[in-house]
Every structure is written in C-alpha cells, then in structure tokens.
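Printed here is entry.txt (compact mmCIF, C-alpha atoms):
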# COMPACT_ATOMS: atom_id res chain seq x y z
CA MET T 1 -86.01 -143.95 -21.11
CA ARG T 2 -89.75 -143.90 -20.37
CA ILE T 3 -92.06 -141.81 -22.52
CA VAL T 4 -95.03 -139.85 -21.17
CA PRO T 5 -97.93 -140.82 -23.47
CA ASP T 6 -100.15 -138.10 -24.87
CA TRP T 7 -103.30 -140.00 -23.93
CA LEU T 8 -102.36 -139.84 -20.24
CA ILE T 9 -101.85 -136.08 -20.33
CA GLN T 10 -105.09 -135.54 -22.24
CA THR T 11 -107.00 -137.77 -19.80
CA ILE T 12 -105.77 -135.79 -16.80
CA TRP T 13 -106.72 -132.52 -18.50
CA TRP T 14 -110.14 -134.01 -19.17
CA ILE T 15 -110.58 -134.98 -15.51
CA SER T 16 -109.47 -131.50 -14.45
CA GLY T 17 -112.03 -130.01 -16.81
CA ILE T 18 -114.81 -132.10 -15.31
CA PHE T 19 -114.04 -130.85 -11.81
CA ALA T 20 -113.56 -127.27 -13.01
CA THR T 21 -116.82 -127.04 -14.96
CA GLY T 22 -119.54 -129.66 -14.55
CA ALA T 23 -118.92 -130.74 -10.96
CA LEU T 24 -118.05 -127.26 -9.67
CA TRP T 25 -121.11 -125.54 -11.12
CA TYR T 26 -123.38 -128.42 -10.18
CA PHE T 27 -122.43 -128.15 -6.49
CA ILE T 28 -122.75 -124.37 -6.64
CA SER T 29 -126.22 -124.71 -8.17
CA ILE T 30 -127.38 -126.90 -5.27
CA LYS T 31 -125.55 -124.64 -2.81
CA ASP T 32 -123.22 -127.41 -1.66
CA TYR T 33 -120.32 -125.05 -1.22
CA SER T 34 -117.99 -127.48 0.55
CA SER T 35 -118.24 -129.90 -2.37
CA ALA T 36 -117.83 -127.00 -4.80
CA THR T 37 -114.63 -126.00 -3.00
CA GLY T 38 -113.42 -129.58 -3.17
CA SER T 39 -114.17 -129.76 -6.88
CA GLY T 40 -112.25 -126.55 -7.49
CA ALA T 41 -109.30 -127.86 -5.50
CA ALA T 42 -109.39 -131.17 -7.41
CA ALA T 43 -109.45 -129.29 -10.73
CA VAL T 44 -106.34 -127.33 -9.70
CA ILE T 45 -104.52 -130.48 -8.53
CA PHE T 46 -105.21 -132.38 -11.75
CA ALA T 47 -104.22 -129.34 -13.82
CA MET T 48 -100.90 -129.16 -11.93
CA ILE T 49 -100.33 -132.88 -12.58
CA ALA T 50 -100.99 -132.38 -16.29
CA ILE T 51 -98.57 -129.44 -16.42
CA ALA T 52 -95.92 -131.48 -14.61
CA LEU T 53 -96.35 -134.31 -17.11
CA HIS T 54 -96.07 -131.85 -20.00
CA ARG T 55 -92.79 -130.57 -18.59
CA ARG T 56 -91.53 -134.10 -18.04
CA LYS T 57 -92.40 -135.02 -21.62
CA ASP T 58 -90.47 -131.98 -22.89
CA GLN T 59 -87.47 -132.94 -20.75
CA LEU T 60 -87.48 -136.49 -22.11
CA ALA T 61 -87.70 -135.17 -25.65
CA GLU T 62 -84.75 -132.87 -24.99
CA GLN T 63 -82.71 -135.74 -23.58
CA ALA T 64 -83.45 -137.84 -26.66
CA ILE T 65 -81.70 -135.31 -28.92
CA PRO T 66 -78.02 -136.27 -29.48
CA ALA T 67 -75.62 -133.90 -27.74
CA GLU T 68 -73.92 -132.95 -30.98
CA PHE T 69 -77.14 -131.42 -32.27
CA LYS T 70 -77.61 -129.27 -29.16
CA GLU T 71 -74.27 -127.54 -29.38
CA SER T 72 -73.59 -124.32 -31.23
CA LEU T 73 -72.61 -124.51 -34.87
CA PRO T 74 -68.90 -124.41 -35.74
CA ASP T 75 -67.66 -121.17 -37.26
CA ASP T 76 -66.84 -122.84 -40.58
CA TYR T 77 -70.15 -124.67 -40.92
CA VAL T 78 -71.80 -124.30 -44.33
CA ARG T 79 -75.33 -125.53 -44.96
CA ARG T 80 -76.03 -126.21 -48.60
CA LEU T 81 -79.51 -126.63 -50.04
CA PHE T 82 -80.42 -128.11 -53.37
CA ASP T 83 -82.92 -125.31 -53.85
CA ASP T 84 -80.04 -122.82 -54.05
CA PRO T 85 -78.81 -122.36 -57.66
CA SER T 86 -75.19 -121.88 -56.53
CA ASP T 87 -75.26 -125.17 -54.66
CA VAL T 88 -76.77 -126.90 -57.69
CA ARG T 89 -73.93 -125.51 -59.82
CA LEU T 90 -71.40 -126.88 -57.34
CA PHE T 91 -72.99 -130.31 -57.53
CA GLN T 92 -73.12 -130.18 -61.33
CA SER T 93 -69.40 -129.32 -61.53
CA LEU T 94 -68.17 -132.32 -59.53
CA PRO T 95 -67.81 -134.69 -62.53
CA ASP T 96 -65.73 -132.03 -64.33
CA VAL T 97 -63.44 -131.62 -61.32
CA LYS T 98 -63.13 -135.40 -61.12
CA ALA T 99 -61.99 -135.53 -64.74
CA VAL T 100 -59.21 -133.05 -63.97
CA ALA T 101 -58.12 -135.01 -60.87
CA TYR T 102 -57.95 -138.29 -62.82
CA SER T 103 -56.15 -136.68 -65.75
CA ALA T 104 -53.43 -135.44 -63.41
CA ALA T 105 -53.18 -138.80 -61.64
CA ARG T 106 -53.03 -140.76 -64.90
CA ALA T 107 -49.53 -139.49 -65.61
CA GLY T 108 -48.34 -140.92 -62.30
CA TRP T 109 -50.12 -144.25 -62.71
CA ASP T 110 -48.74 -144.69 -66.23
CA THR T 111 -45.12 -144.45 -65.07
CA GLY T 112 -45.27 -147.93 -63.56
CA ILE T 113 -43.06 -146.64 -60.76
CA THR T 114 -44.46 -147.71 -57.40
CA ILE T 115 -43.86 -144.46 -55.51
CA GLU T 116 -45.30 -142.36 -58.37
CA MET T 117 -48.36 -144.58 -58.63
CA ARG T 118 -48.96 -144.34 -54.89
CA LYS T 119 -48.65 -140.55 -54.94
CA ALA T 120 -51.13 -140.37 -57.80
CA SER T 121 -53.63 -142.41 -55.79
CA TYR T 122 -53.10 -140.15 -52.77
CA ASP T 123 -54.00 -137.15 -54.94
CA VAL T 124 -57.21 -138.81 -56.10
CA VAL T 125 -58.10 -139.77 -52.53
CA ASP T 126 -57.62 -136.11 -51.57
CA PHE T 127 -60.04 -135.18 -54.33
CA TYR T 128 -62.64 -137.63 -53.03
CA GLU T 129 -62.21 -136.27 -49.53
CA PHE T 130 -62.92 -132.78 -50.88
CA VAL T 131 -66.04 -134.00 -52.71
CA TRP T 132 -67.32 -135.87 -49.67
CA LEU T 133 -66.89 -132.76 -47.53
CA LYS T 134 -68.87 -130.74 -50.07
CA LEU T 135 -71.65 -133.34 -50.09
CA ALA T 136 -71.64 -133.40 -46.27
CA GLU T 137 -72.61 -129.72 -46.36
CA PHE T 138 -75.99 -130.78 -47.74
CA TYR T 139 -76.64 -132.46 -44.37
CA PRO T 140 -77.46 -130.88 -40.97
CA PRO T 141 -74.61 -129.77 -38.67
CA LYS T 142 -72.57 -132.55 -37.09
CA HIS T 143 -74.72 -135.10 -38.90
CA PHE T 144 -71.73 -137.44 -39.15
CA GLY T 145 -70.65 -137.14 -35.53
CA GLN T 146 -69.91 -134.69 -32.76
CA ASP T 147 -66.48 -133.83 -34.16
CA GLY T 148 -67.94 -132.90 -37.53
CA ALA T 149 -67.76 -134.35 -41.02
CA ASN T 150 -64.09 -133.46 -41.48
CA ALA T 151 -62.89 -135.64 -38.61
CA TYR T 152 -65.31 -138.45 -39.49
CA ILE T 153 -64.27 -138.58 -43.14
CA ARG T 154 -60.55 -138.51 -42.43
CA GLN T 155 -60.88 -141.32 -39.91
CA TYR T 156 -62.95 -143.33 -42.38
CA ILE T 157 -60.29 -142.97 -45.06
CA ARG T 158 -57.51 -143.98 -42.66
CA ASP T 159 -59.51 -147.05 -41.66
CA ARG T 160 -60.01 -148.05 -45.31
CA TYR T 161 -56.26 -147.81 -45.89
CA LYS T 162 -55.61 -150.01 -42.85
CA PHE T 163 -58.16 -152.59 -43.93
CA HIS T 164 -57.04 -152.91 -47.53
CA TRP T 165 -53.35 -152.95 -46.64
CA ALA T 166 -53.96 -155.77 -44.16
CA LYS T 167 -56.17 -157.56 -46.71
CA HIS T 168 -53.33 -157.69 -49.22
CA GLU T 169 -50.93 -159.26 -46.71
CA PRO T 170 -52.58 -162.54 -45.68
CA ASN T 171 -49.21 -163.93 -44.61
CA GLY T 172 -48.53 -161.13 -42.17
CA ALA T 173 -47.39 -157.51 -42.07
CA GLY T 174 -44.55 -156.71 -44.46
CA THR T 175 -44.95 -159.84 -46.57
CA GLY T 176 -46.73 -158.28 -49.53
CA GLY T 177 -43.91 -156.22 -51.00
CA THR T 178 -44.07 -152.72 -52.48
CA ILE T 179 -47.01 -153.56 -54.73
CA VAL T 180 -49.26 -153.62 -51.66
CA GLY T 181 -49.20 -149.83 -51.50
CA VAL T 182 -50.37 -149.55 -55.10
CA LEU T 183 -53.12 -152.12 -54.65
CA THR T 184 -54.28 -150.51 -51.43
CA GLY T 185 -54.46 -147.07 -53.04
CA GLY T 186 -56.57 -148.44 -55.86
CA ASP T 187 -58.95 -150.15 -53.46
CA VAL T 188 -59.42 -147.00 -51.37
CA VAL T 189 -60.08 -144.99 -54.54
CA ASP T 190 -62.75 -147.50 -55.57
CA ASP T 191 -64.30 -147.44 -52.09
CA LEU T 192 -64.55 -143.67 -52.05
CA ASP T 193 -65.98 -143.48 -55.55
CA ARG T 194 -68.80 -145.85 -54.59
CA LEU T 195 -69.39 -143.89 -51.39
CA ILE T 196 -69.64 -140.60 -53.27
CA VAL T 197 -72.19 -142.10 -55.66
CA GLU T 198 -74.23 -143.49 -52.76
CA THR T 199 -74.17 -140.14 -50.94
CA ALA T 200 -75.06 -138.18 -54.07
CA THR T 201 -77.93 -140.59 -54.72
CA ALA T 202 -79.26 -140.03 -51.21
CA ILE T 203 -79.08 -136.25 -51.61
CA VAL T 204 -80.55 -135.76 -55.04
CA GLY T 205 -81.09 -139.09 -56.76
CA TYR T 206 -84.83 -139.08 -56.20
CA ARG T 207 -85.62 -135.45 -56.99
CA ASP T 208 -87.98 -134.95 -59.90
CA ASN T 209 -86.40 -131.62 -60.87
CA PHE T 210 -82.87 -132.96 -61.35
CA ASP T 211 -81.53 -135.30 -64.03
CA PHE T 212 -79.49 -137.53 -61.75
CA ALA T 213 -79.06 -140.23 -64.41
CA LEU T 214 -77.22 -137.74 -66.61
CA TRP T 215 -75.10 -136.54 -63.69
CA LEU T 216 -74.19 -140.13 -62.81
CA GLN T 217 -73.25 -140.86 -66.42
CA ARG T 218 -70.95 -137.82 -66.43
CA TRP T 219 -69.46 -138.88 -63.10
CA LYS T 220 -68.65 -142.40 -64.29
CA SER T 221 -67.26 -141.26 -67.64
CA SER T 222 -64.84 -138.93 -65.83
CA SER T 223 -62.70 -141.93 -64.82
CA PRO T 224 -63.01 -144.63 -67.52
CA LEU T 225 -59.85 -146.29 -66.21
CA SER T 226 -58.52 -146.50 -62.67
CA VAL T 227 -55.20 -147.53 -61.13

Turn this file's structure into structure tokens for me.
Amino acid sequence: MRIVPDWLIQTIWWISGIFATGALWYFISIKDYSSATGSGAAAVIFAMIAIALHRRKDQLAEQAIPAEFKESLPDDYVRRLFDDPSDVRLFQSLPDVKAVAYSAARAGWDTGITIEMRKASYDVVDFYEFVWLKLAEFYPPKHFGQDGANAYIRQYIRDRYKFHWAKHEPNGAGTGGTIVGVLTGGDVVDDLDRLIVETATAIVGYRDNFDFALWLQRWKSSSPLSV
C-alpha cells in the first residue's frame, strides 16, 4: 500500500498559494489580466490536487486499520482502566482467588487417582481462563482478534493441550498411558500461569503508582506447589 507523503501535499499547497497570491496580484498590478486569470486557474487546480491527495491519504489510513477495530463493540464488551479504583481492586484480588482455586484443586491432586487429578487441573485451567479474560478487558476491543478475547483464549488453551499431549507421546498417539493426561494438565497450568504473569506485567508492571513486586509475590505464593 503506497503512502501519500505529507511533504508532497504541503508542496502542492505552497505552489497553489504562490499562484493565488504573489503571481495573481503581480499580474493584476501590471494589468496583465490574461496571465492573472491563468494564475487564478492554476491556483484552483493545484488546490484541488492537494485536496484530492488529502482524501487519498485519509482513505489509505482507513484501510490500514484492521477490520476488527472498525466494527461496532460487542454488547458484552467491558473496558477496564487501571485508573478506576474498582478495576484496581479486581486486579488486587486475583492472587486471593488463585489461592482458593488451588486449595480446591489440591484435594483432587492429592488423591493420586488419575481422573481426579485431571479434573482438578481442569478446574485450575478454568480459573486461569477467567483471569485471562479479566486481564483482556484492560485492552482495547477485539485486541486479540476479530472474534474477541474469549474465542482467542479458548483456542489457545485447546492448542496447548494438543501440544503437550503430543509431546508426552513420542512413540505415537495412545502410547503414553493414563499418566499423559495428568502430565498434560500440569503443563497447561504452568503455561497459563506464566502467561498471566506476562500479561499482568505488560498491563501494570511498569506503573510507578502500583507495587507490582508485592502483587507478584502474592500471586506466586498462592500456589507454592503444583500438580
């Protein structure tokens, strides 16, 4: 896509101004009315060219905006701002909610029963999905794709499950036994925890008015042990 440079538009406006002022009044002053008429016509032509280039530049700028940002906002879209005290409170509460999620999952992991351990990991993954969706609300609409953060996050999680499951079966599908489900769940949990930390760091980690180091310490201490 070609870009209309500002210097070209400004140059054409400058040429139009020369014909509209200096040249026009000079020819009028010497009573050369045919040249004055020509200067006026030239000024109009160059002005029309400059306007056309302005419009073309605006069109190119509009085309450069991704389609998902041009569409209307979804009805359930929430835009959170870290300058809003209620949104800060939400962010501050995430480590506490994480502690509850891990406490509930711990009972399942401690059974040593494969199906119970897998269900416990699913519950923690659901928690991380919830947190990621909350953090996504600190970003502009459809920032993570045209279908919205919900669809993007769910697809990401499914892809992580597929990857880790395949990773644990180097000899082919179905060769890893029932333990593969437990290992895969643990790997996805670890992936999502790192992703949440990275996203939280991007949102607020560099703000002078927020103690992110303390928040991160609380977040990590909420899950001292994993699967």

Nearby residues (only C-alpha atoms) at most 9 Å from segment 99-102 of chain T, same-chain spacing under 3 positions excluded, as a ChimeraX atom specification: /T:94-96,105-107,120,123-124,127,219,221-223,225-226

Could you build a table of the residues in segment 91-155 of chain T lying no more than 8 Å from segment 185-196 of chain T, giving for each the nearest pair of atoms and their separation in Å rounded to one decimal place, using all atoms listed in the file, ordered by chain and ascending residue number, as CSV?
residue,atom,partner,partner_atom,distance
T:Arg118,CA,T:Gly185,CA,6.4
T:Ser121,CA,T:Gly185,CA,5.5
T:Tyr122,CA,T:Gly185,CA,7.1
T:Val124,CA,T:Val189,CA,7.0
T:Val125,CA,T:Val189,CA,5.9
T:Tyr128,CA,T:Leu192,CA,6.4
T:Val131,CA,T:Ile196,CA,7.5
T:Trp132,CA,T:Ile196,CA,6.4

Nearest to Ile153 of chain T by atom-to-atom distance, counting only C-alpha atoms, from T:Ile113, T:Ala166, T:Leu214, T:Leu135: T:Leu135

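Nearest-residue note for Ile15 of chain T: choosing from T:Lys31, T:Ala104, T:Ala42, T:Thr175, the minimum distance belongs to T:Ala42, counting all atoms listed in the file.
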
I'd like the box whose edges run along x, y and z of the file and which contains every listed atom of segment 198-203 of chain T, padded by 6 Å per side; could you state its centre and edge lengths in Å, one decimal, as AutoDock Vina command-line options?
--center_x -76.7 --center_y -139.9 --center_z -52.8 --size_x 17.1 --size_y 19.2 --size_z 15.8

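Going from atom CA of Met117 of chain T to atom CA of Ile179 of chain T covers 9.9 Å.
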
Which of T:Met48, T:Arg207, T:Ala200, T:Arg79 sits closest to Phe91 of chain T [using all atoms listed in the file]: T:Ala200

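Here atom CA of Gly172 of chain T stands at a distance of 28.2 Å from atom CA of Asp126 of chain T.
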
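When all atoms listed in the file are used to compute distances to Pro85 of chain T, the closest of the residues T:Phe210, T:Arg154, T:Leu216, T:Ile30 turns out to be T:Phe210.
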
Distance in Å - atom CA of Asp147 of chain T versus atom CA of Lys162 of chain T: 21.3 Å
